[in-house]
Every structure is written in structure tokens, then in C-alpha cells.
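Engineer: Got run11.txt for you, compact mmCIF, C-alpha atoms:
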```
# COMPACT_ATOMS: atom_id res chain seq x y z
CA MET H 1 85.25 -20.34 -102.87
CA ASN H 2 83.80 -23.49 -104.43
CA ASN H 3 86.55 -26.06 -104.36
CA ASP H 4 85.29 -29.64 -104.55
CA LEU H 5 88.55 -31.19 -105.84
CA PRO H 6 91.64 -30.89 -103.66
CA GLY H 7 94.71 -29.23 -105.25
CA LEU H 8 92.85 -27.61 -108.17
CA SER H 9 92.16 -24.19 -106.71
CA ASP H 10 94.21 -22.49 -109.44
CA LEU H 11 91.92 -23.76 -112.21
CA ASP H 12 88.98 -21.83 -113.60
CA ALA H 13 85.55 -23.37 -113.42
CA ASP H 14 85.45 -24.25 -117.12
CA GLU H 15 88.89 -25.90 -116.90
CA ARG H 16 88.00 -28.29 -114.12
CA GLU H 17 85.84 -30.58 -116.19
CA LEU H 18 88.51 -31.01 -118.87
CA ASN H 19 91.15 -31.58 -116.23
CA TYR H 20 88.94 -34.22 -114.56
CA LEU H 21 88.48 -35.94 -117.93
CA LEU H 22 92.18 -35.97 -118.77
CA SER H 23 93.21 -37.08 -115.32
CA ALA H 24 90.94 -40.11 -115.70
CA VAL H 25 93.10 -41.44 -118.55
CA PRO H 26 95.36 -44.15 -117.11
CA PRO H 27 99.06 -43.29 -117.28
CA GLN H 28 100.88 -44.97 -120.13
CA ALA H 29 104.65 -45.37 -120.32
CA PRO H 30 106.12 -44.12 -123.62
CA PRO H 31 108.33 -46.57 -125.52
CA VAL H 32 111.99 -46.77 -124.61
CA GLY H 33 113.96 -43.98 -126.29
CA PHE H 34 110.87 -41.86 -126.96
CA ARG H 35 111.90 -39.10 -124.59
CA ASP H 36 115.43 -38.98 -125.98
CA ALA H 37 114.11 -38.78 -129.52
CA VAL H 38 111.77 -35.91 -128.63
CA MET H 39 114.51 -34.02 -126.78
CA ARG H 40 116.86 -34.52 -129.72
CA ARG H 41 114.28 -32.95 -132.03
CA VAL H 42 113.77 -30.05 -129.61
CA VAL H 43 117.47 -29.36 -129.01
CA GLU H 44 118.63 -29.97 -132.57
CA ARG H 45 119.59 -26.84 -134.47
CA ARG H 46 119.28 -26.76 -138.21
CA VAL H 47 122.56 -25.33 -139.42
CA GLY H 48 122.47 -26.50 -143.02
CA TRP H 49 121.64 -23.03 -144.32
CA GLU H 50 124.70 -21.58 -142.57
CA LEU H 51 126.98 -24.09 -144.29
CA LEU H 52 125.26 -23.28 -147.58
CA VAL H 53 125.83 -19.54 -147.08
CA ALA H 54 129.45 -20.22 -146.14
CA ALA H 55 129.97 -22.25 -149.33
CA LEU H 56 128.29 -19.61 -151.49
CA LEU H 57 130.54 -16.90 -150.07
CA ALA H 58 133.76 -18.91 -150.05
CA LEU H 59 133.76 -20.72 -153.38
CA PRO H 60 133.92 -17.71 -155.78
CA SER H 61 136.46 -15.99 -153.52
CA LEU H 62 138.65 -19.10 -153.28
CA ALA H 63 138.53 -19.56 -157.05
CA TYR H 64 139.55 -15.93 -157.55
CA LEU H 65 142.41 -16.21 -155.03
CA ALA H 66 143.62 -19.46 -156.57
CA ARG H 67 143.74 -17.80 -160.00
CA GLN H 68 145.56 -14.79 -158.50
CA ILE H 69 148.21 -17.04 -156.96
CA ASP H 70 148.52 -19.01 -160.17
CA GLU H 71 148.93 -15.89 -162.33
CA SER H 72 150.62 -13.44 -159.98
CA GLY H 73 152.36 -15.63 -157.43
CA ALA H 74 155.67 -14.02 -158.34
CA GLU H 75 154.28 -10.56 -157.51
CA PHE H 76 153.22 -11.75 -154.05
CA ALA H 77 156.64 -13.29 -153.47
CA ALA H 78 158.43 -10.14 -154.66
CA ALA H 79 156.32 -7.95 -152.37
CA LEU H 80 157.09 -10.25 -149.44
CA VAL H 81 160.83 -10.15 -150.18
CA ASN H 82 160.67 -6.34 -150.40
CA VAL H 83 158.89 -6.17 -147.04
CA VAL H 84 161.57 -8.31 -145.39
CA SER H 85 164.41 -6.33 -146.95
CA ALA H 86 162.76 -3.00 -146.05
CA ALA H 87 162.46 -4.14 -142.44
CA SER H 88 166.22 -4.53 -142.21
CA SER H 89 167.15 -1.35 -144.11
CA ASP H 90 167.01 2.30 -143.10
CA THR H 91 164.60 3.35 -145.82
CA ALA H 92 161.94 5.87 -144.84
CA ASN H 93 159.59 5.79 -147.82
CA ALA H 94 157.85 2.86 -149.41
CA SER H 95 154.96 2.41 -151.81
CA PHE H 96 152.25 -0.11 -151.08
CA PHE H 97 149.34 -1.20 -153.23
CA ILE H 98 147.02 -4.17 -153.18
CA ASP H 99 144.22 -5.13 -155.51
CA GLY H 100 140.95 -4.29 -153.76
CA LEU H 101 139.20 -7.39 -155.07
CA THR H 102 141.89 -9.49 -153.40
CA VAL H 103 141.08 -7.75 -150.10
CA LEU H 104 137.38 -8.39 -150.66
CA ALA H 105 137.95 -12.04 -151.54
CA VAL H 106 140.12 -12.62 -148.46
CA ALA H 107 137.52 -10.93 -146.24
CA LEU H 108 134.71 -13.02 -147.73
CA VAL H 109 136.65 -16.21 -147.09
CA GLY H 110 136.96 -15.04 -143.47
CA VAL H 111 133.22 -14.32 -143.23
CA ALA H 112 132.48 -17.74 -144.70
CA CYS H 113 134.77 -19.33 -142.11
CA VAL H 114 132.88 -17.50 -139.33
CA PHE H 115 129.58 -18.89 -140.64
CA ALA H 116 131.03 -22.38 -140.91
CA ALA H 117 132.55 -22.19 -137.42
CA HIS H 118 129.23 -21.07 -135.98
CA ALA H 119 127.43 -23.91 -137.74
CA ILE H 120 129.92 -26.48 -136.45
CA LEU H 121 129.84 -25.15 -132.89
CA ALA H 122 126.04 -24.78 -132.83
CA SER H 123 125.43 -28.29 -134.12
CA SER H 124 127.70 -29.91 -131.58
CA PRO H 125 125.90 -31.35 -128.51
CA GLY H 126 125.84 -29.16 -125.43
CA SER H 127 126.39 -25.95 -127.35
CA ARG H 128 124.76 -22.73 -126.27
CA ARG H 129 123.32 -20.20 -128.65
CA LEU H 130 124.15 -16.52 -128.58
CA VAL H 131 120.98 -15.01 -127.20
CA ARG H 132 119.79 -11.50 -126.49
CA MET M 1 114.81 -24.72 -143.24
CA THR M 2 112.50 -21.95 -142.10
CA GLN M 3 111.26 -19.23 -144.41
CA ARG M 4 113.81 -16.81 -142.96
CA ASP M 5 116.65 -19.27 -143.67
CA ILE M 6 115.48 -19.68 -147.27
CA VAL M 7 115.40 -15.89 -147.74
CA ILE M 8 118.94 -15.63 -146.34
CA VAL M 9 120.23 -18.39 -148.61
CA LEU M 10 118.56 -16.89 -151.69
CA GLY M 11 119.92 -13.45 -150.81
CA THR M 12 123.40 -14.90 -150.42
CA LEU M 13 123.00 -16.70 -153.74
CA VAL M 14 122.20 -13.40 -155.47
CA VAL M 15 125.19 -11.74 -153.78
CA ALA M 16 127.43 -14.68 -154.72
CA VAL M 17 126.38 -14.51 -158.39
CA GLY M 18 126.97 -10.75 -158.54
CA LEU M 19 130.25 -11.10 -156.73
CA SER M 20 131.38 -13.91 -159.02
CA ALA M 21 130.71 -11.68 -162.04
CA ILE M 22 132.75 -8.85 -160.50
CA LEU M 23 135.60 -11.21 -159.57
CA PHE M 24 135.58 -12.72 -163.05
CA VAL M 25 135.73 -9.29 -164.69
CA GLY M 26 138.49 -8.26 -162.25
CA ALA M 27 140.52 -11.37 -163.04
CA ALA M 28 140.07 -10.92 -166.81
CA ALA M 29 140.83 -7.19 -166.74
CA THR M 30 144.04 -7.57 -164.75
CA SER M 31 145.42 -10.74 -166.32
CA PRO M 32 148.95 -10.48 -167.76
CA ALA M 33 149.28 -8.61 -171.05
CA SER M 34 150.00 -10.38 -174.31
CA GLY M 35 151.43 -8.42 -177.26
CA PRO M 36 151.30 -4.62 -177.49
CA GLU M 37 148.68 -4.15 -174.75
CA PRO M 38 149.56 -1.95 -171.76
CA SER M 39 150.67 -4.11 -168.83
CA ALA M 40 148.44 -4.55 -165.81
CA ARG M 41 149.19 -3.06 -162.40
CA PRO M 42 150.64 -5.68 -159.99
CA ARG M 43 148.10 -7.22 -157.60
CA VAL M 44 150.35 -6.67 -154.61
CA PHE M 45 153.10 -4.07 -154.63
CA PHE M 46 155.50 -3.07 -151.87
CA ASP M 47 158.73 -1.34 -152.79
CA PRO M 48 160.85 1.08 -150.78
CA ARG M 49 162.62 2.46 -153.88
CA ASN M 50 160.23 2.41 -156.85
CA SER M 51 156.75 3.85 -157.09
CA LEU M 52 153.64 2.04 -158.30
CA PRO M 53 153.47 1.67 -162.09
CA PRO M 54 150.31 3.01 -163.80
CA GLY M 55 147.57 0.47 -164.47
CA ARG M 56 145.26 -0.12 -167.40
CA THR M 57 142.52 2.41 -168.10
CA ILE M 58 138.88 1.37 -167.93
CA ILE M 59 138.72 1.40 -171.74
CA ASP M 60 141.74 -0.95 -171.95
CA ALA M 61 140.15 -3.24 -169.38
CA GLN M 62 136.81 -3.23 -171.21
CA ARG M 63 138.56 -4.48 -174.37
CA ARG M 64 139.66 -7.61 -172.50
CA VAL M 65 136.22 -8.82 -171.40
CA ALA M 66 133.26 -10.09 -173.43
CA GLY M 67 130.44 -7.75 -174.54
CA PRO M 68 127.80 -7.88 -171.79
CA LEU M 69 130.39 -7.94 -169.01
CA GLN M 70 132.01 -4.70 -170.25
CA VAL M 71 129.29 -2.79 -168.40
CA ILE M 72 130.55 -4.21 -165.09
CA VAL M 73 134.13 -2.92 -165.50
CA PRO M 74 133.50 0.56 -163.98
CA LEU M 75 131.57 -1.10 -161.13
CA GLN M 76 134.44 -3.56 -160.63
CA ARG M 77 136.90 -0.65 -160.37
CA GLY M 78 134.68 1.07 -157.83
CA VAL M 79 134.24 -2.10 -155.74
CA SER M 80 137.99 -2.75 -155.87
CA ASP M 81 138.90 0.77 -154.72
CA THR M 82 136.24 0.73 -152.00
CA ALA M 83 137.30 -2.70 -150.71
CA ARG M 84 140.94 -1.56 -150.52
CA ASP M 85 139.91 1.50 -148.49
CA ALA M 86 137.56 -0.57 -146.33
CA ALA M 87 140.15 -3.20 -145.36
CA GLY M 88 140.27 -1.81 -141.80
CA LEU M 89 136.51 -1.96 -141.41
CA LEU M 90 136.40 -5.48 -142.84
CA LEU M 91 139.09 -6.55 -140.38
CA THR M 92 137.20 -5.01 -137.45
CA LEU M 93 133.95 -6.71 -138.44
CA LEU M 94 135.67 -10.03 -139.04
CA LEU M 95 137.42 -9.96 -135.66
CA THR M 96 134.21 -8.97 -133.87
CA ALA M 97 132.17 -11.69 -135.59
CA SER M 98 134.77 -14.38 -135.00
CA THR M 99 135.09 -13.38 -131.32
CA LEU M 100 131.30 -13.56 -130.94
CA VAL M 101 131.32 -17.07 -132.40
CA LEU M 102 134.49 -18.57 -130.94
CA ALA M 103 134.46 -16.87 -127.52
CA ASN M 104 130.70 -16.72 -127.13
CA ASP M 105 130.58 -17.53 -123.41
CA GLN M 106 133.27 -14.98 -122.57
CA VAL M 107 131.60 -12.22 -124.59
CA VAL M 108 128.20 -12.93 -123.01
CA ALA M 109 129.79 -12.86 -119.53
CA VAL M 110 131.48 -9.53 -120.25
CA TYR M 111 128.26 -8.17 -121.79
CA ARG M 112 126.29 -9.12 -118.68
CA ALA M 113 128.94 -7.62 -116.42
CA SER M 114 128.60 -4.27 -118.17
CA LEU M 115 124.82 -4.08 -117.77
CA GLY M 116 123.34 -1.54 -115.41
CA GLY M 117 122.70 2.15 -114.87
CA TRP M 118 125.11 5.04 -115.06
CA ARG M 119 126.81 4.01 -111.83
CA SER M 120 127.69 0.62 -113.31
CA GLN M 121 128.89 2.26 -116.51
CA ALA M 122 131.05 4.70 -114.57
CA ARG M 123 132.47 1.81 -112.56
CA VAL M 124 133.32 -0.10 -115.74
CA PHE M 125 135.01 2.99 -117.23
CA ALA M 126 136.93 3.64 -114.04
CA ALA M 127 138.08 0.02 -113.84
CA GLY M 128 139.24 0.21 -117.46
CA PHE M 129 141.23 3.40 -116.97
CA VAL M 130 142.79 2.01 -113.80
CA VAL M 131 143.79 -1.21 -115.59
CA MET M 132 145.20 0.77 -118.53
CA GLY M 133 147.29 2.90 -116.19
CA LEU M 134 148.43 -0.19 -114.32
CA ALA M 135 149.42 -1.97 -117.53
CA ILE M 136 151.31 1.03 -118.93
CA SER M 137 153.22 1.72 -115.73
CA THR M 138 153.99 -1.97 -115.22
CA ALA M 139 155.29 -2.32 -118.78
CA ALA M 140 157.39 0.82 -118.49
CA LEU M 141 158.91 -0.27 -115.17
CA ALA M 142 159.53 -3.77 -116.51
CA TRP M 143 161.45 -2.32 -119.47
CA VAL M 144 163.45 -0.05 -117.16
CA VAL M 145 164.43 -3.00 -114.98
CA PHE M 146 165.13 -5.21 -117.98
CA LEU M 147 167.28 -2.63 -119.82
CA SER M 148 169.20 -1.90 -116.61
CA PHE M 149 169.88 -5.61 -116.27
CA VAL M 150 170.98 -5.91 -119.92
CA ALA M 151 173.25 -2.85 -119.73
CA GLY M 152 174.69 -3.79 -116.33
CA ALA M 153 174.90 -7.53 -115.86
CA LEU M 154 175.48 -8.47 -119.49
CA ARG M 155 178.18 -5.88 -120.20
CA ASP M 156 181.24 -7.25 -122.04
CA THR M 157 179.58 -10.61 -122.71
CA PRO M 158 179.67 -11.74 -126.36
CA PHE M 159 176.15 -11.79 -127.92
CA GLY M 160 174.69 -11.27 -124.42
CA ALA M 161 172.89 -7.96 -124.97
CA PRO M 162 171.42 -8.66 -128.47
CA VAL M 163 170.12 -12.08 -127.43
CA ALA M 164 168.67 -10.70 -124.20
CA LEU M 165 166.98 -7.85 -126.09
CA GLN M 166 165.47 -10.29 -128.61
CA VAL M 167 164.20 -12.50 -125.79
CA GLY M 168 162.76 -9.46 -124.04
CA LEU M 169 161.02 -8.21 -127.19
CA THR M 170 159.58 -11.66 -127.85
CA ALA M 171 158.28 -11.99 -124.31
CA PHE M 172 156.75 -8.52 -124.54
CA ALA M 173 155.06 -9.45 -127.82
CA VAL M 174 153.57 -12.57 -126.21
CA VAL M 175 152.20 -10.50 -123.32
CA CYS M 176 150.74 -8.02 -125.84
CA VAL M 177 149.00 -10.86 -127.70
CA PHE M 178 147.29 -12.04 -124.51
CA ALA M 179 146.25 -8.47 -123.72
CA LEU M 180 144.88 -8.08 -127.25
CA LEU M 181 142.83 -11.27 -126.89
CA ALA M 182 141.22 -9.93 -123.72
CA LEU M 183 140.70 -6.61 -125.46
CA LEU M 184 139.03 -8.35 -128.39
CA VAL M 185 136.49 -10.02 -126.11
CA GLY M 186 135.86 -6.70 -124.39
CA PHE M 187 135.53 -4.89 -127.71
CA ALA M 188 132.93 -7.37 -128.99
CA ALA M 189 130.89 -6.92 -125.80
CA THR M 190 131.29 -3.13 -125.99
CA ALA M 191 130.08 -3.08 -129.60
CA TRP M 192 127.12 -5.23 -128.58
CA ARG M 193 126.30 -2.86 -125.70
CA LEU M 194 126.53 0.16 -128.01
CA GLY M 195 124.23 -1.49 -130.54
CA ASP M 196 121.80 -2.34 -127.75
CA ALA M 197 121.88 1.23 -126.44
CA LEU M 198 121.09 2.56 -129.91
CA LEU M 199 118.21 0.12 -130.32
CA ARG M 200 116.68 1.44 -127.12
CA THR M 201 116.18 4.87 -128.68
CA ARG M 202 112.63 5.68 -129.69
CA ALA M 203 113.37 5.72 -133.43
CA LEU M 204 114.90 2.24 -133.47
CA SER M 205 113.08 0.52 -130.61
CA ARG M 206 110.71 -1.33 -132.96
CA PHE M 207 113.71 -3.30 -134.34
CA GLN M 208 114.91 -4.28 -130.85
CA THR M 209 113.33 -7.72 -130.82
CA GLN M 210 113.82 -8.43 -134.52
CA LEU M 211 117.56 -8.06 -134.91
CA PRO M 212 119.78 -10.95 -133.73
CA ALA M 213 122.58 -10.19 -131.30
CA PRO M 214 125.48 -10.62 -133.78
CA VAL M 215 123.92 -8.07 -136.14
CA VAL M 216 123.53 -5.63 -133.24
CA ALA M 217 127.17 -6.15 -132.26
CA LEU M 218 128.41 -5.68 -135.83
CA ALA M 219 126.38 -2.47 -136.13
CA GLY M 220 128.02 -1.23 -132.93
CA ALA M 221 131.48 -2.18 -134.21
CA THR M 222 130.82 -0.30 -137.46
CA ILE M 223 129.80 2.82 -135.54
CA LEU M 224 132.92 2.61 -133.38
CA PHE M 225 135.13 2.18 -136.46
CA VAL M 226 133.54 5.22 -138.12
CA LEU M 227 134.09 7.21 -134.90
CA TRP M 228 137.80 6.31 -134.95
CA GLN M 229 138.17 7.86 -138.41
CA ILE M 230 137.19 11.34 -137.20
CA PRO M 231 140.50 13.25 -136.86
CA ALA M 232 140.30 14.84 -133.40
CA LEU M 233 137.56 12.73 -131.85
CA GLY M 234 138.98 9.42 -133.10
CA ALA M 235 141.83 9.17 -130.60
CA VAL M 236 139.53 10.07 -127.68
CA ALA M 237 136.93 7.54 -128.86
CA LEU M 238 139.60 4.87 -129.25
CA ALA M 239 140.91 5.47 -125.71
CA ALA M 240 137.36 5.40 -124.34
CA VAL M 241 136.51 2.17 -126.14
CA VAL M 242 139.74 0.49 -124.99
CA ALA M 243 139.06 1.62 -121.40
CA TYR M 244 135.45 0.42 -121.47
CA ALA M 245 136.40 -2.90 -123.06
CA LEU M 246 139.17 -3.56 -120.55
CA GLY M 247 136.95 -2.42 -117.68
CA ALA M 248 134.16 -4.74 -118.76
CA VAL M 249 136.56 -7.70 -118.99
CA VAL M 250 138.01 -6.94 -115.57
CA THR M 251 134.52 -6.48 -114.09
CA ALA M 252 133.39 -9.81 -115.53
CA ARG M 253 136.50 -11.79 -114.67
CA LEU M 254 137.52 -10.36 -111.34
CA ILE M 255 134.82 -8.29 -109.67
CA LYS M 256 131.68 -10.31 -110.53
CA GLU M 257 133.37 -13.68 -110.15
CA GLY M 258 134.99 -12.55 -106.94
CA VAL M 259 131.64 -11.54 -105.48
CA SER M 260 129.89 -14.74 -106.53
CA THR M 261 132.49 -17.16 -105.24
```
In C-alpha cells, what does this structure look like?
Structural biologist:
Amino acid sequence: MNNDLPGLSDLDADERELNYLLSAVPPQAPPVGFRDAVMRRVVERRVGWELLVAALLALPSLAYLARQIDESGAEFAAALVNVVSAASSDTANASFFIDGLTVLAVALVGVACVFAAHAILASSPGSRRLVR
Amino acid sequence: MTQRDIVIVLGTLVVAVGLSAILFVGAAATSPASGPEPSARPRVFFDPRNSLPPGRTIIDAQRRVAGPLQVIVPLQRGVSDTARDAAGLLLTLLLTASTLVLANDQVVAVYRASLGGWRSQARVFAAGFVVMGLAISTAALAWVVFLSFVAGALRDTPFGAPVALQVGLTAFAVVCVFALLALLVGFAATAWRLGDALLRTRALSRFQTQLPAPVVALAGATILFVLWQIPALGAVALAAVVAYALGAVVTARLIKEGVST
């Protein structure tokens, strides 16, 4: 095997010339803080879109829930009182109903919170990403 | 933002606009009646004595919203009924997603512990069933000992038995909460494993590298939830999932850690 330069046996013939050229460049120290800045750019995770998605999901749902509480707060309170009184009575039958949109709005607020929590955790230093 | 992020944000924007329209129509259609209109059905109703009053018809609701939005009223009714029925699924997905985010390291550890061939899977199942049996027998024996103590040592003491029973129930509830937290981590990892197993099939293998892990886990959780709804198979599937989840947690926390340390 033709090997005129020590330590370069793993290079192909057409790579040796380029390697020789690059190795002739004198080493130059990068400015102070350069490495940290590069690593920050590499490690940084853009989570702005997750916060945007969270806001888009949460705001209509929160507005709807706020209006529900404003308009029908007494109904929620009455249902809660009935639940407490039914728990201490010997009744066997009870009727339950809830507006489906309220369920959907509450669930969407929860989904938005999951997105926001993930964004906050992922953007904090030292966090690890869920990987496959 | 990458192109994928922009697509997600725009998609969410479209969903948010549509959802806002539905929520607006729902709020307008169910707002309190004024004058001779039929009254709206309560938003939340729980009553042990009275039954649910009838609500407004779609035609009544359409009269309360402006022209173009009247078309949405039937859709709003459908979405409302579906969301009410899907509350269990929404809860399952929300718990799985929040566990994946907030207990990421634990879920990944349990997921890794459950990897392997059929021998590993059988070991995880066996560990889960053993832990379930251990927990049930321990709880039953603890209650026997506790009730014997309450009935024997606290006899003829004023307020002794009721207070002791309340303390015992509270302590049992606290233990159940800790067990449920462990089960939640195990369930998220189990759903992830199930989603992974499905993606390894020939029909779905081309999506294997494209789908992110949380989507795979949520797909698995949805499949498990649908399985639980099947009348006869549901109970068996639930027991199997609980056993696998507990077994995976025990394998990750005790067996793997014990070997490595």
C-alpha cells in the first residue's frame, strides 16, 4: 500500500492532496465566546410555534368558558351542590348532562397547556427531547 | 420556523377559526331565553330527583344566530354530542400526552425496558401480573388487619371508629394515587410500544420514520381506548394493558436498574 504520509492510511488517494493543503493552514484560535455562541445555536430549540399553537387553541376555548361561567355560573353551582347532597343521601338514580362544547373547550385548554408545557420544558437549558 | 412548523401553525389557525365559529354559535344558541322563547337546556345538570328538561330544537336555535351562521347550527349540535360522548377518549389522550411531556425521562426508561423479543414481552407481562396480584393481596390483608384493629382496639371509644375509618380511607386513597401515577407512566409507554408495533407492519412501515413519537403514542392510546369499549373483550384488554404497564414500570425501575447498579 502506498502510504507516504504517516497516520493517513484511512484516506483515499484523491483526499490526501486536499488534506495536505488544509493541514498546511496555521491553526487560528477563534475569538472568546465563539464556541459557546455556536453551541447555543446548535442546542437551541425553536419553540415559538408551539406557544403559538397553544395560544390559538386556548384563547377561543377560554373565551367560551368565561362566557359560560358568566352566563350559567348558577347552573354549575347548583350541579355541584346536587352532587354533594347526592353523595350523602341514599338516592340510587340521578340524571347527569353536560354541554358537549364545554367538554371540548376544557379538553382544548388541556391540549394547549400540554403544548405550552412542552415548549417551556424544551426551551429550558439541559432539556432532552423525546426521541424515537 | 421551519416549513413544517409553518404548516402546523396554519393548520391550527384554520382549526381555531372553525372552532371559534362553532363555539360562538353554541354560546348564542344556548344563551338564556328572553320573552316567550323556549328556555335553553342547562349547560351542566346533575339532579338525583328531577330529570333533564328538554332543550331548544335546531330551528329554535337557528332563529337566535345571524344568517350565515345558521348553517353551522346542525354541525354545532353534532360536535357537541360527539364531544360529550368522547370525553373519556379526550381524557385518555390528554393524560397520555401530558405524561409524555412532564414525565418524559420516566416514560422513555419504561419504553426502553419493554423492548425486546417475545421472551422480554412475556417477562414484562408476568412481572405485571405478579405485581397486580401482590398489590391486591397486600391491600386486602391491610384492610383485614385495619378493620380488625378498628373493631377490636377502638371498641367503646367515642368517635374512635369513624375517625379511624376516615384516616384509613384517606391513606388508602393516597396509596392509590401513587399507584395511578406509576400506572400512567406505564400506560404512556405501553401505548407508545403498541403504536411502534403497528408501524412495523408492512402496510404502515413507510410512515415509521416520519411520525414523531408523541403521535405514535397517542395513536396507540386511541387504539387501546377503542379496545376497552368492546363489551366482552374490553375488560380482558384493560387487565392486559394494566398488567403490561405495571410490568414495564417494574422492569424499568427494579429489574433493569438492579442489574445495572
Engineer: Each residue of chain H lying at most 7 Å from chain M should get a row with its shortest atom-to-atom pair and the distance in Å to one decimal, counting all atoms listed in the file; could you produce that, ordered by chain and increasing number, as a tab-separated table?
Structural biologist:
```
residue	atom	partner	partner_atom	distance
H:Trp49	CA	M:Asp5	CA	6.3
H:Val53	CA	M:Val9	CA	5.9
H:Leu56	CA	M:Ala16	CA	6.0
H:Leu57	CA	M:Ala16	CA	6.0
H:Pro60	CA	M:Ser20	CA	5.6
H:Tyr64	CA	M:Leu23	CA	6.5
H:Glu75	CA	M:Val44	CA	6.2
H:Phe76	CA	M:Val44	CA	5.9
H:Ala79	CA	M:Phe46	CA	5.0
H:Asn82	CA	M:Asp47	CA	5.9
H:Val83	CA	M:Phe46	CA	6.7
H:Ala86	CA	M:Pro48	CA	6.5
H:Thr91	CA	M:Pro48	CA	6.6
H:Asn93	CA	M:Pro48	CA	5.7
H:Ala94	CA	M:Pro48	CA	3.7
H:Ser95	CA	M:Asp47	CA	5.4
H:Phe96	CA	M:Phe46	CA	4.5
H:Phe97	CA	M:Phe45	CA	4.9
H:Ile98	CA	M:Val44	CA	4.4
H:Asp99	CA	M:Arg43	CA	4.9
H:Gly100	CA	M:Ser80	CA	3.9
H:Leu101	CA	M:Ser80	CA	4.9
H:Val103	CA	M:Arg84	CA	6.2
H:Leu104	CA	M:Ala83	CA	5.7
H:Ala107	CA	M:Leu90	CA	6.5
H:Gly110	CA	M:Leu94	CA	6.8
H:Val111	CA	M:Leu94	CA	6.5
H:Val114	CA	M:Ser98	CA	5.7
H:His118	CA	M:Val101	CA	5.8
H:Leu130	CA	M:Asn104	CA	6.7
H:Val131	CA	M:Ala213	CA	6.5
H:Arg132	CA	M:Ala213	CA	5.7
```
Engineer: CA of Thr96 (chain M) and CA of Gln68 (chain H), how far apart in Å?
Structural biologist: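 Interatomic distance, CA of Gln68 (chain H) to CA of Thr96 (chain M): 27.7 Å.
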Engineer: For each of M:Thr190, M:Thr222, M:Gln210, M:Gln106, take the minimum atom-to-atom distance to Ala245 (chain M), counting only C-alpha atoms, then give the residue where this is smallest.
Structural biologist: M:Thr190
Engineer: Quick one, how far is CA of Ala189 (chain M) from CA of Ala252 (chain M)?
Structural biologist: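 Separation between CA of Ala189 (chain M) and CA of Ala252 (chain M): 11.0 Å.
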Engineer: Which residue gives the smallest distance to Ala191 (chain M) among M:Ala219, M:Ala103, M:Ala142, M:Val7, with all atoms listed in the file counted?
Structural biologist: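 Counting all atoms listed in the file, the residue closest to Ala191 (chain M) is M:Ala219.
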Engineer: Within 8 Å of Val242 (chain M), counting only C-alpha atoms, which residues show up once you throw out same-chain ones fewer than 4 positions away? Write them as a list in words, please.
Structural biologist: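 Final neighbour list, sorted by chain and number: Gly128, Leu183, Phe187, Leu238 and Leu246 of chain M.
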Engineer: Find the distance between CA of Thr102 (chain H) and CA of Leu65 (chain H) and write it in Å to one decimal.
Structural biologist: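 Pair CA of Thr102 (chain H) / CA of Leu65 (chain H) returns 6.9 Å.
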